[in-house]
Each structure stands twice: as structure tokens, then as C-alpha cells.
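First comes the structure, then the notes that go with it.
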Amino acid sequence: MKGLRKYLTPFAPDQSGAVSVLYELGGMLVICDAGGCTGNVCGFDEPRWFETRSAVFSAGLRDMDAILGRDDRLVAKLVDAAEKLDVTFAAVIGTPVPAVIGTDYRALERMLAKKTELPVLTVNTDGMELYDRGEEKAYLALFGRFAGENVDVEPGNIEKTQTAESCDGKRNGKNEDVSVDIEDRPRVGIIGMTPQDVSDLKAAEKIRKLYADQGLRAVCYGMGDGLEEVKKASLTVKNVVVSPAALKAAQYLQKKSGTPYEIAYPLAPELVPEMDYRGKKILIVQQQVIANAMRKEIEKRTGEKEEITTATWFMRKEEILADLRVSAADDISLKEEDDFISLVEKDGYDVIFADPCMERMIPEFEGIFIPLTHFAVSGKLNV
Amino acid sequence: MRGTAYYCTVEELQKRGRDDIPEQFRSNTHLIYSSPATLAFNSPGAEGFGVKRAGLAIPDSIMLIVAPGCCGRNTSMISSMPQYEDRFFYLTMDETDIVTGRHLKKVPKAVQEICDSLAKKPSVVMICITCVDALLGTDMERICRKSEEKTGLPVRPCYMYALTREGRKPPMVHVRQSLYSLLEPKKKKGNVVNLLGFFSPLMDDCELYGMLEKAGVKTVHEISRCKSYEEYHTMAEANFNLVLHPEARFAAEDFHEKLQIPFIELRRLYQIDKITKQYQALGKVLGIPFEDKEAERTALDAVERLKAAKPDAIFAIGECMNGDPFELALALVKYGFQVAEIYGTLTAENFVYLKHLSELSPQTKVFSNMEPTMIYYDHKESGVTTTIGKDACYYHPDAENVMWNEEVQPYGYAGVKHLCEKLLEV
């Protein structure tokens with residue numbers, strides 16, 4: 001039955017994705033809910049919440065606020081908090097309650113702009129979509145509002161002529177000088193890095209090291225790099241899109257500042273354990289960029305084109321397939337639990353990479369099941 | 001002031017009185033700060049016995065959560081516990097469902113499909129709905145009846161309406177009513193008593209069991225100790241109910257109305273003299289002496305031992321623990337300890353304790369866990385050496401801490417004794 005889940009708990013919703021993008025940027029995040037959604041985000045979907053205090057708030061909506069549409073109360077509460085807290089911006093993030101009562105986020109934004117000087121973003125998530133939709137909306141709102149602000153260097157003054165392929169740490173055919181101060185190195189923007197997508201709180205650190213070894217500086221938006229870096233987004237020589245949710249933002253930045261982008265997940269090699277993949281029929285279930293980056297890694301190792309199917313419960317973009325030169329038939333979308341079960345039953349895979357919580361769905365599977373954690377699926381991190 | 005957590009002293013609060021509680025202590029006037037300290041309080045399904053776990057208190061029951069995906073998301077934390085494996089199912093809603101209400105037609109079929117897929121038929125199916133259906137005005141009782149017709153099993157609604165948390169019937173009140181709504185009238189037995197209020201049992205050595213036995217009670221029922229659906233049904237044989245948590249009051253009224261079982265309400269207290277008085281009052285109602293001098297002595301001894309071991313302890317007391325932080329603070333102050341800080345949700349009822357506290361410890365600071373400036377709380381100048389409660393522990397990571405939020409419920413003299421013992425251990 002459509003929508004019925006017997007094995008898997010629901011995946012991370014859009015509001016969790018939006019919070020994930022904005023979490024580390026020093027803003028005040030106001031989840032427009034009655035309390036339950038904030039509990040879900042903080043207590044489950046945001047692993048960083050347990051580590052440091054953060055300005056995440058619930059609007060504390062009550063039944064009469066919803067019935068009477070008392071947006072003015074929300075505005076008053078937010079303005080009051082803004083006066084008491086040292087925050088750089090405020091973001092209002094939607095949930096099912098405002099979706100049902102038809103909250104006008106643009107109007108809310110305008111009302112708030114009149115009452116506070118704090119920059120305000122609104123993200124019209126509704127708790128019914130998946131995390132990547134929320135991330136996509138949050139990235140666009142974020143870069144749309146802040147990218148290019150307060151940048152002393154004009155985008156035209158920096159080197160922007162490299163193509164995605166040429167900017168791999170080798171400029172003019174030589175490795176960059178790694179002794180150059182990190183601040184002065186060419187910046188590479190990494191968009192799409194959230195715990196939901198990469199399931200590893202150390203992933204940003206690893207990526208920074210990877211690029212540092214190539215004489216570059218990786219700027220991981222929202223994971224270690226804050227709002228100041230977002231404002232300097234036009235200074236990056238290229239952007240790397242590590243999840244489908246980040247693609248639109250990268251395209252926006254390309255249009256706005258001329259920054260090229262490439263689609264890749266630089267840490268894909270560490271997700272593929274050493275074994276003989278030659279001639280094996282393989283299924284990889286993850287978000288689309290990571291799944292296809294793993295496909296490339298496996299084929300790089302075997303030196304052959306292998307019979308690999310990538311599948312995702314989440315957003316699936318044709319541009320990503322075109323960019324990575326993958327046939328659409330080899331990359332599929334999963335919606336219901338039965339889609340996955342019947343895919344495995346029908347196609348006779350030898351190797352399956354998927355989140356461990358999915359293993360119990362396929363007790364008859366006799367091949368090799370390789371755990372590939374996806375936080376947005378199971379709420380578990382790679383350890 | 002920016003950068004400072006707001007607080008009032010007990011004296012200030014008492015002076016203002018119950019009709020002039022500062023805005024900072026009224027959660028409907030400000031944004032709700034989310035810290036690990038407030039997670040359980042703010043979210044009705046997030047931690048401990050929220051609606052989801054509570055709804056599965058009936059043995060062999062299962063739950064279908066009919067809601068947008070976000071409402072069921074954190075359930076995987078619960079379903080990873082062995083006792084909840086294969087007991088949660090989901091029917092996720094999309095925007096079209098909200099507009100058309102078509103998801104409701106699918107519920108009976110979904111219940112049927114789930115029951116057919118299980119090796120053992122469940123005793124009850126609880127259908128959990130959330131804020132969205134509260135706003136849509138869904139008649140879930142009707143949907144449950146339809147599901148019962150289709151499956152031949154009892155199906156009950158369970159309302160996880162965070163929107164109504166501060167209303168007349170908050171979710172945790174409603175879920176208690178739902179749980180007992182399946183009981184049918186049975187012949188009364190004079191020697192059977194139900195304890196209502198908690199979803200896990202009282203401490204095994206709680207004196208209440210022994211005192212009831214001395215009073216002629218042969219069987220004490222608690223829903224958490226019921227091994228089977230049949231045993232759960234024997235709760236309808238009780239002569240009277242003891243309500244140990246105010247959120248069970250409505251359920252107790254239902255018992256009275258539907259099953260003609262009266263109830264007596266008791267409080268969880270940590271002041272030994274008040275515990276004694278409460279038992280004496282219960283004895284008067286029952287017309288029998290109701291006391292346990294030995295348990296009382298043991299509790300007093302435990303307090304003495306704690307005082308001897310930690311005479312200079314300065315406490316901070318939170319609300320994420322098994323007790324009322326204001327009552328516990330008063331108890332500790334009466335025992336001769338210092339209480340520097342309390343983190344709590346202030347209501348008019350707490351003024352009973354605040355009145356006494358303001359006489360004995362007027363400078364004790366009271367903070368509201370949910371107020372936005374709590375993000376700036378700084379423990380350095382507090383002087384606190386010992387904390388009680390998960391929230392207090394969060395604010396004072398370097399102090400000695402007793403979480404005191406275990407599932408087995410402390411009560412009466414035994415509760416005091418065990419708390420003192422725990423405090424001696426840290």
C-alpha cells in the first residue's frame with residue numbers, strides 16, 4: 001500500500017534538511033511548530049545538537065495560534081528573542097502545522113523585516129517532503145540572501161577561467177605549493193555537506209585535508225565554515241556538489257558569480273571496501289551523488305564498466321546522470337518499501353551497498369550486504 | 001540583558017505571587033529554547049515515556065502512526081529497544097492527503113495489511129495521529145470503529161497533539177484515557193487495587209505495596225506489570241484506584257464513570273513529614289491505620305547519612321527527573337542542605353512550595369528551562385556541587401550528578417531512601 005511502512009521508520013523530513021544546512025551558521029533557527037517537530041530535529045535528526053549549545057527554538061504554537069492564524073504573536077516572540085540574543089540572522093522553518101493553515105512565509109518575512117534589523121530567511125518546508133527538498137530550499141535561500149555580501153574583492157578580479165576538470169589542485173600542470181598560507185590558497189566551495197547527506201561528522205575535516213594536500217582550501221558550507229564564508233561564496237574558484245540537494249544552489253552561484261561546479265564526492269574511495277568487484281552485479285542505495293561516485297570508484301578499481309545499479313529514496317536529478325555520464329536506466333528511484341524488496345528479488349544482485357537498517361527487508365538475499373550508512377534513512381552516523 | 005540567563009529568586013517570585021508570574025516563565029509568551037534539558041518536556045514523543053511508548057503499554061499491542069513523515073521520524077530510537085521491535089508501523093501522509101482527507105480511507109486497509117503480515121495477532125491496535133489531524137478535525141474514533149469492523153480487533157485512537165500540550169487535555173492525559181478505555185465492567189473484588197499514573201512500575205521495595213497488603217489488599221495492578229492482555233483486563237475488578245500522577249486524573253474519572261471504581265489521588269513527595277501525613281490521610285479515608293514506621297525510619301536514616309557525608313553540598317535541581325523540582329528543593333532545604341538553583345516550569349500549583357522556600361531559602365534562583373536566554377546559562381559562579389536531574393546535569397557538567405530519571409518509579413519513603421543512596425554514591 002502506498003505510504004505504508006512496515007520495516008523502515010520515515011526518513012528525515014524537509015524541515016530537518018533545512019536545519020541541517022543552517023545549523024552552524026550562527027543564526028537563530030525558529031522551527032514553526034508546536035514542539036514535536038523541534039524535538040524530532042534536535043533529539044534525532046541533528047547529531048551536532050548534542051555537542052554544542054545552539055540557538056534552535058520552537059515557535060511553541062498552540063491550537064488557538066493555529067486556528068486564529070496569530071502570526072503577529074510569532075513575530076513578537078521572534079523580535080523579543082532577537083533583542084536578547086547575539087545572532088547573525090534568523091530563519092523561520094516550516095512544519096506541517098503552518099502548511100495546514102496556509103502560513104504566508106513571504107508575508108511573515110516582510111512583517112519581521114519591519115520589526116527587526118536582523119536578516120530573516122524563511123524556508124517553506126512542510127514535514128511531508130524529504131530532507132533533500134528542505135536542504136535545497138535552504139541552500140537557495142541562504143546563498144540568495146547572503147552570497148556576495150560584504151566581499152571586498154570583486155568576483156571578476158579572481159581567477160575564474162578554470163573548468164571543473166582543470167581545477168583539481170594542478171594549475172598550469174603543477175601541484176600547488178602546499179606551504180602557501182591556507183587563507184591565501186584558491187578556495188573550493190563544497191556544497192551539500194550536511195550530516196544528513198554524508199553521515200559522518202568528520203567528513204568536512206577529511207575533505208579539507210584532501211584539498212589542502214592539493215594546495216587548495218576547501219570551504220565546507222555549513223560544516224565548519226560559517227556565514228562569513230557564505231558571504232564570500234563568489235571568491236571560490238569552483239564549487240563541488242556532493243549531494244543532489246546542492247545542485248540548484250551551485251547552478252545559482254554559477255549564474256550569479258560565474259563560479260563553475262562539478263559533481264563529485266571526494267570521499268567515495270573510503271566507502272568502497274577492498275574486494276573483487278569484477279563481473280559482479282552490484283546495487284548501491286544512497287543519495288544520488290554518493291551512489292554514483294561509488295560507481296565510478298568501483299569502475300576505476302576494476303578498470304571495466306561493471307553492471308552497477310544505483311538507487312535512491314531521495315531526489316534524483318537527470319543533470320547529475322548526464323554530468324557523470326551514467327545511463328538513466330542504471331539509476332533508479334525508490335518510493336515504497338516494496339520497490340526495494342522487489343528490486344532485490346527480481347534482479348539477483350551479488351553485492352548490495354545499503355543502510356544496515358534495510359538488511360532485514362531482504363532476508364532471502366544470499367549475496368554480500370555491505371553496510372553503507374545514510375543518516376537520513378536510519379538516523380545513524382558512520383563510526 | 002544580552003548574554004545572561006534570566007532568573008528570579010524564590011523571594012521575588014513569592015512576592016509577585018501566582019497571578020503575576022513573569023513572562024519569562026510563561027511558555028506561551030516566548031520562543032521555546034531547545035536544549036537537551038528540555039527535549040523530553042517540549043516534545044511529546046521524544047524521550048522517555050512520550051505518547052508513542054505510552055500508547056504501547058497494553059501487552060502485545062501495536063501502533064500505526066498516521067501522520068506526515070516528520071512525526072514518526074524519531075520512533076526508530078524507540079523501535080530499536082527490544083520490547084518495541086515490530087510494534088510500530090507508519091502510514092505517511094502527503095499534501096494531497098491533507099487537502100482531501102483520503103488517507104483516512106486507507107487506515108482500515110492498512111491495519112488489516114499489518115495484522116495479516118504479523119506472525120501473532122496483536123491484542124490491540126493503537127492509531128496515533130498528530131497535529132495535522134487535530135487541525136483537520138479528524139474523527140479518529142469513527143476510523144477506529146471502521147478498522148475494528150474490518151479486522152475484528154480492538155482499535156483505539158492515540159492523540160499526539162503537541163498543539164494541545166498546555167490545554168485541558170494534553171497528549172499525556174489523553175493517552176492514559178485511551179489505554180484504559182478497553183476495560184469492560186467486571187465483578188468487583190474488595191482486595192484488588194490499581195495504581196494509575198506511571199507506565200513503568202514503582203520500585204519493588206516501595207512501602208506502598210506492603211502497606212496495602214497489611215490493609216488487606218491481595219492484588220495490586222499496574223499496567224506496566226501486566227504480562228498479558230487478559231491480565232490487563234483484570235484491572236476492571238479493582239475496588240479502588242490510587243492515582244499517583246495528576247495526568248491520570250481523567251483516566252481515573254473514566255474508571256469511576258464507566259466501571260464504578262472510585263479513586264484517591266496521592267502525590268509523589270520527598271518531604272518525609274508530608275509523606276507520613278499523606279499516608280495518614282489515606283488511612284482515614286480507608287478507615288484503617290495506614291503507616292510504616294520502619295520505612296519512615298529508614299528514609300530518615302538515609303537523609304542523616306547523606307547529611308553526615310555531604311554537609312556542605314550545594315544543590316541544583318532540574319525538572320527532568322522523577323519529582324517536582326520545587327517540592328524536592330523544599331525537602332532538601334528542610335533537611336538542612338543548600339539549594340542554589342532550580343530549573344523548572346513554574347505554575348500556580350508550585351506556589352505552595354515557593355511560599356515555604358521563600359521563608360527558608362529566599363535567594364534560591366529559579367530558571368525557566370525553555371526561556372531563550374538559557375542559551376547563555378553559565379554555571380561558573382553558581383557554587384553548585386551536586387545536581388539532580390538530567391537538565392541540571394547538562395548545565396553543570398563538572399558537578400556530581402544524579403539523573404534520577406530512571407524508568408522504575410521512586411515513590412514515598414523508598415524514593416527518599418534511594419535518592420539519598422544515589423547521592424551518596426556520586
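For the C-alpha cells, the naming scheme is as follows: chains receive sequential letters (A, B, ...) according to their order of presentation, residues are indexed from 1 within each chain, and ligands are indexed from 1 in presentation order.
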
All residues 10 Å or closer to Arg87 of chain B, only C-alpha atoms, same chain fewer than 5 positions away omitted, as number ranges by chain: A: 6; B: 56, 60-64, 78-79, 118, 122, 125

Chain A contacts on chain B, only C-alpha atoms, 8 Å, as a ChimeraX atom specification: /B:1-3,27-36,39-40,42-46,68-76,86,88-95,98,110,114,131-132,135,162-166,372-373,375

Excluding same-chain residues fewer than 4 positions from Ala54 of chain B, what lies within 8 Å of it counting only C-alpha atoms, as a ChimeraX atom specification? /B:49-50,175-176,199

Could you list, as a PyMOL selection string, every residue within 7 Å of segment 257-272 of chain B, counting only C-alpha atoms and ignoring same-chain residues fewer than 2 positions away? chain B and resi 185+236+238-245+252-255+274-276+323+327-328+331+411-413+416

Need the shell around Glu297 of chain A: protein/DNA/RNA residues with any atom at most 12 Å away, counting only C-alpha atoms. Skip same-chain ones fewer than 6 positions apart. Format as a VMD selection string? chain A and resid 264 to 274 277 290 to 291 303 to 306 308

Just to confirm, what's the straight-line distance from atom CA of Val240 of chain A to atom CA of Tyr23 of chain A in Å (one decimal)? 20.2 Å

Check segment 118-159 of chain B with DSSP on the backbone and list each residue it calls strand (DSSP E or B), as a ChimeraX atom specification. /B:125-130,155-159

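For segment 137-149 of chain A, the set of protein, DNA and RNA residues having any atom at most 6 Å away, when counting only C-alpha atoms and skipping those fewer than 2 positions along the same chain, is A:Ala18, A:Gly134, A:Glu135, A:Val151, A:Val230, A:Lys231, A:Lys232, A:Ala233, A:Ser234, A:Ala249.
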
Can I get the selection written as a PDB file, in the first residue's frame, with N, CA and C atoms?
ATOM      1  N   ALA A  18      16.529  21.430   6.170  1.00  0.00           N
ATOM      2  CA  ALA A  18      16.748  22.882   6.212  1.00  0.00           C
ATOM      3  C   ALA A  18      17.579  23.259   7.438  1.00  0.00           C
ATOM      4  N   GLY A 134      14.162  20.105   1.648  1.00  0.00           N
ATOM      5  CA  GLY A 134      14.388  21.168   2.636  1.00  0.00           C
ATOM      6  C   GLY A 134      15.777  21.760   2.497  1.00  0.00           C
ATOM      7  N   GLU A 135      16.753  20.897   2.245  1.00  0.00           N
ATOM      8  CA  GLU A 135      18.133  21.380   2.057  1.00  0.00           C
ATOM      9  C   GLU A 135      18.207  22.273   0.822  1.00  0.00           C
ATOM     10  N   VAL A 151      31.780  41.526   0.228  1.00  0.00           N
ATOM     11  CA  VAL A 151      33.016  40.958  -0.333  1.00  0.00           C
ATOM     12  C   VAL A 151      33.818  42.101  -0.936  1.00  0.00           C
ATOM     13  N   VAL A 230      29.956  32.011   3.463  1.00  0.00           N
ATOM     14  CA  VAL A 230      28.827  32.081   2.516  1.00  0.00           C
ATOM     15  C   VAL A 230      28.861  33.438   1.817  1.00  0.00           C
ATOM     16  N   LYS A 231      29.143  34.479   2.594  1.00  0.00           N
ATOM     17  CA  LYS A 231      29.202  35.823   2.009  1.00  0.00           C
ATOM     18  C   LYS A 231      30.314  35.937   0.971  1.00  0.00           C
ATOM     19  N   LYS A 232      31.360  35.124   1.149  1.00  0.00           N
ATOM     20  CA  LYS A 232      32.483  35.169   0.201  1.00  0.00           C
ATOM     21  C   LYS A 232      32.365  34.088  -0.878  1.00  0.00           C
ATOM     22  N   ALA A 233      31.170  33.581  -1.062  1.00  0.00           N
ATOM     23  CA  ALA A 233      30.999  32.447  -1.997  1.00  0.00           C
ATOM     24  C   ALA A 233      31.500  32.776  -3.397  1.00  0.00           C
ATOM     25  N   SER A 234      31.435  34.048  -3.772  1.00  0.00           N
ATOM     26  CA  SER A 234      31.853  34.393  -5.136  1.00  0.00           C
ATOM     27  C   SER A 234      33.367  34.313  -5.307  1.00  0.00           C
ATOM     28  N   ALA A 249      21.698  25.246  -5.945  1.00  0.00           N
ATOM     29  CA  ALA A 249      22.480  26.345  -5.367  1.00  0.00           C
ATOM     30  C   ALA A 249      23.748  26.562  -6.177  1.00  0.00           C
TER      31      ALA A 249
END

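Residues in contact range of Ala107 of chain A, defined as at most 12 Å between only C-alpha atoms, with sequence neighbours fewer than 3 positions away removed, read Asp71, Asp72, Val75, Gly102, Thr103, Asp104, Arg110, Met111, Leu112, Ala113, Lys114, Val120, Leu121, Thr122 and Asn124 of chain A.
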
Take the residues from that selection and write them out as an mmCIF file, in the first residue's frame, keeping C-alpha atoms.
data_model
loop_
_atom_site.group_PDB
_atom_site.id
_atom_site.type_symbol
_atom_site.label_atom_id
_atom_site.label_comp_id
_atom_site.auth_asym_id
_atom_site.auth_seq_id
_atom_site.Cartn_x
_atom_site.Cartn_y
_atom_site.Cartn_z
ATOM 1 C CA ASP A 71 1.365 35.302 13.047
ATOM 2 C CA ASP A 72 1.738 38.571 14.930
ATOM 3 C CA VAL A 75 6.677 37.930 15.101
ATOM 4 C CA GLY A 102 -1.546 28.153 4.878
ATOM 5 C CA THR A 103 1.039 30.403 6.505
ATOM 6 C CA ASP A 104 2.340 33.012 4.063
ATOM 7 C CA ARG A 110 8.126 41.184 5.449
ATOM 8 C CA MET A 111 6.486 41.534 8.864
ATOM 9 C CA LEU A 112 9.723 40.518 10.535
ATOM 10 C CA ALA A 113 11.813 42.832 8.358
ATOM 11 C CA LYS A 114 9.752 45.755 9.632
ATOM 12 C CA VAL A 120 15.440 36.960 8.068
ATOM 13 C CA LEU A 121 15.154 33.838 5.925
ATOM 14 C CA THR A 122 12.062 31.715 5.658
ATOM 15 C CA ASN A 124 8.614 26.848 3.474
#
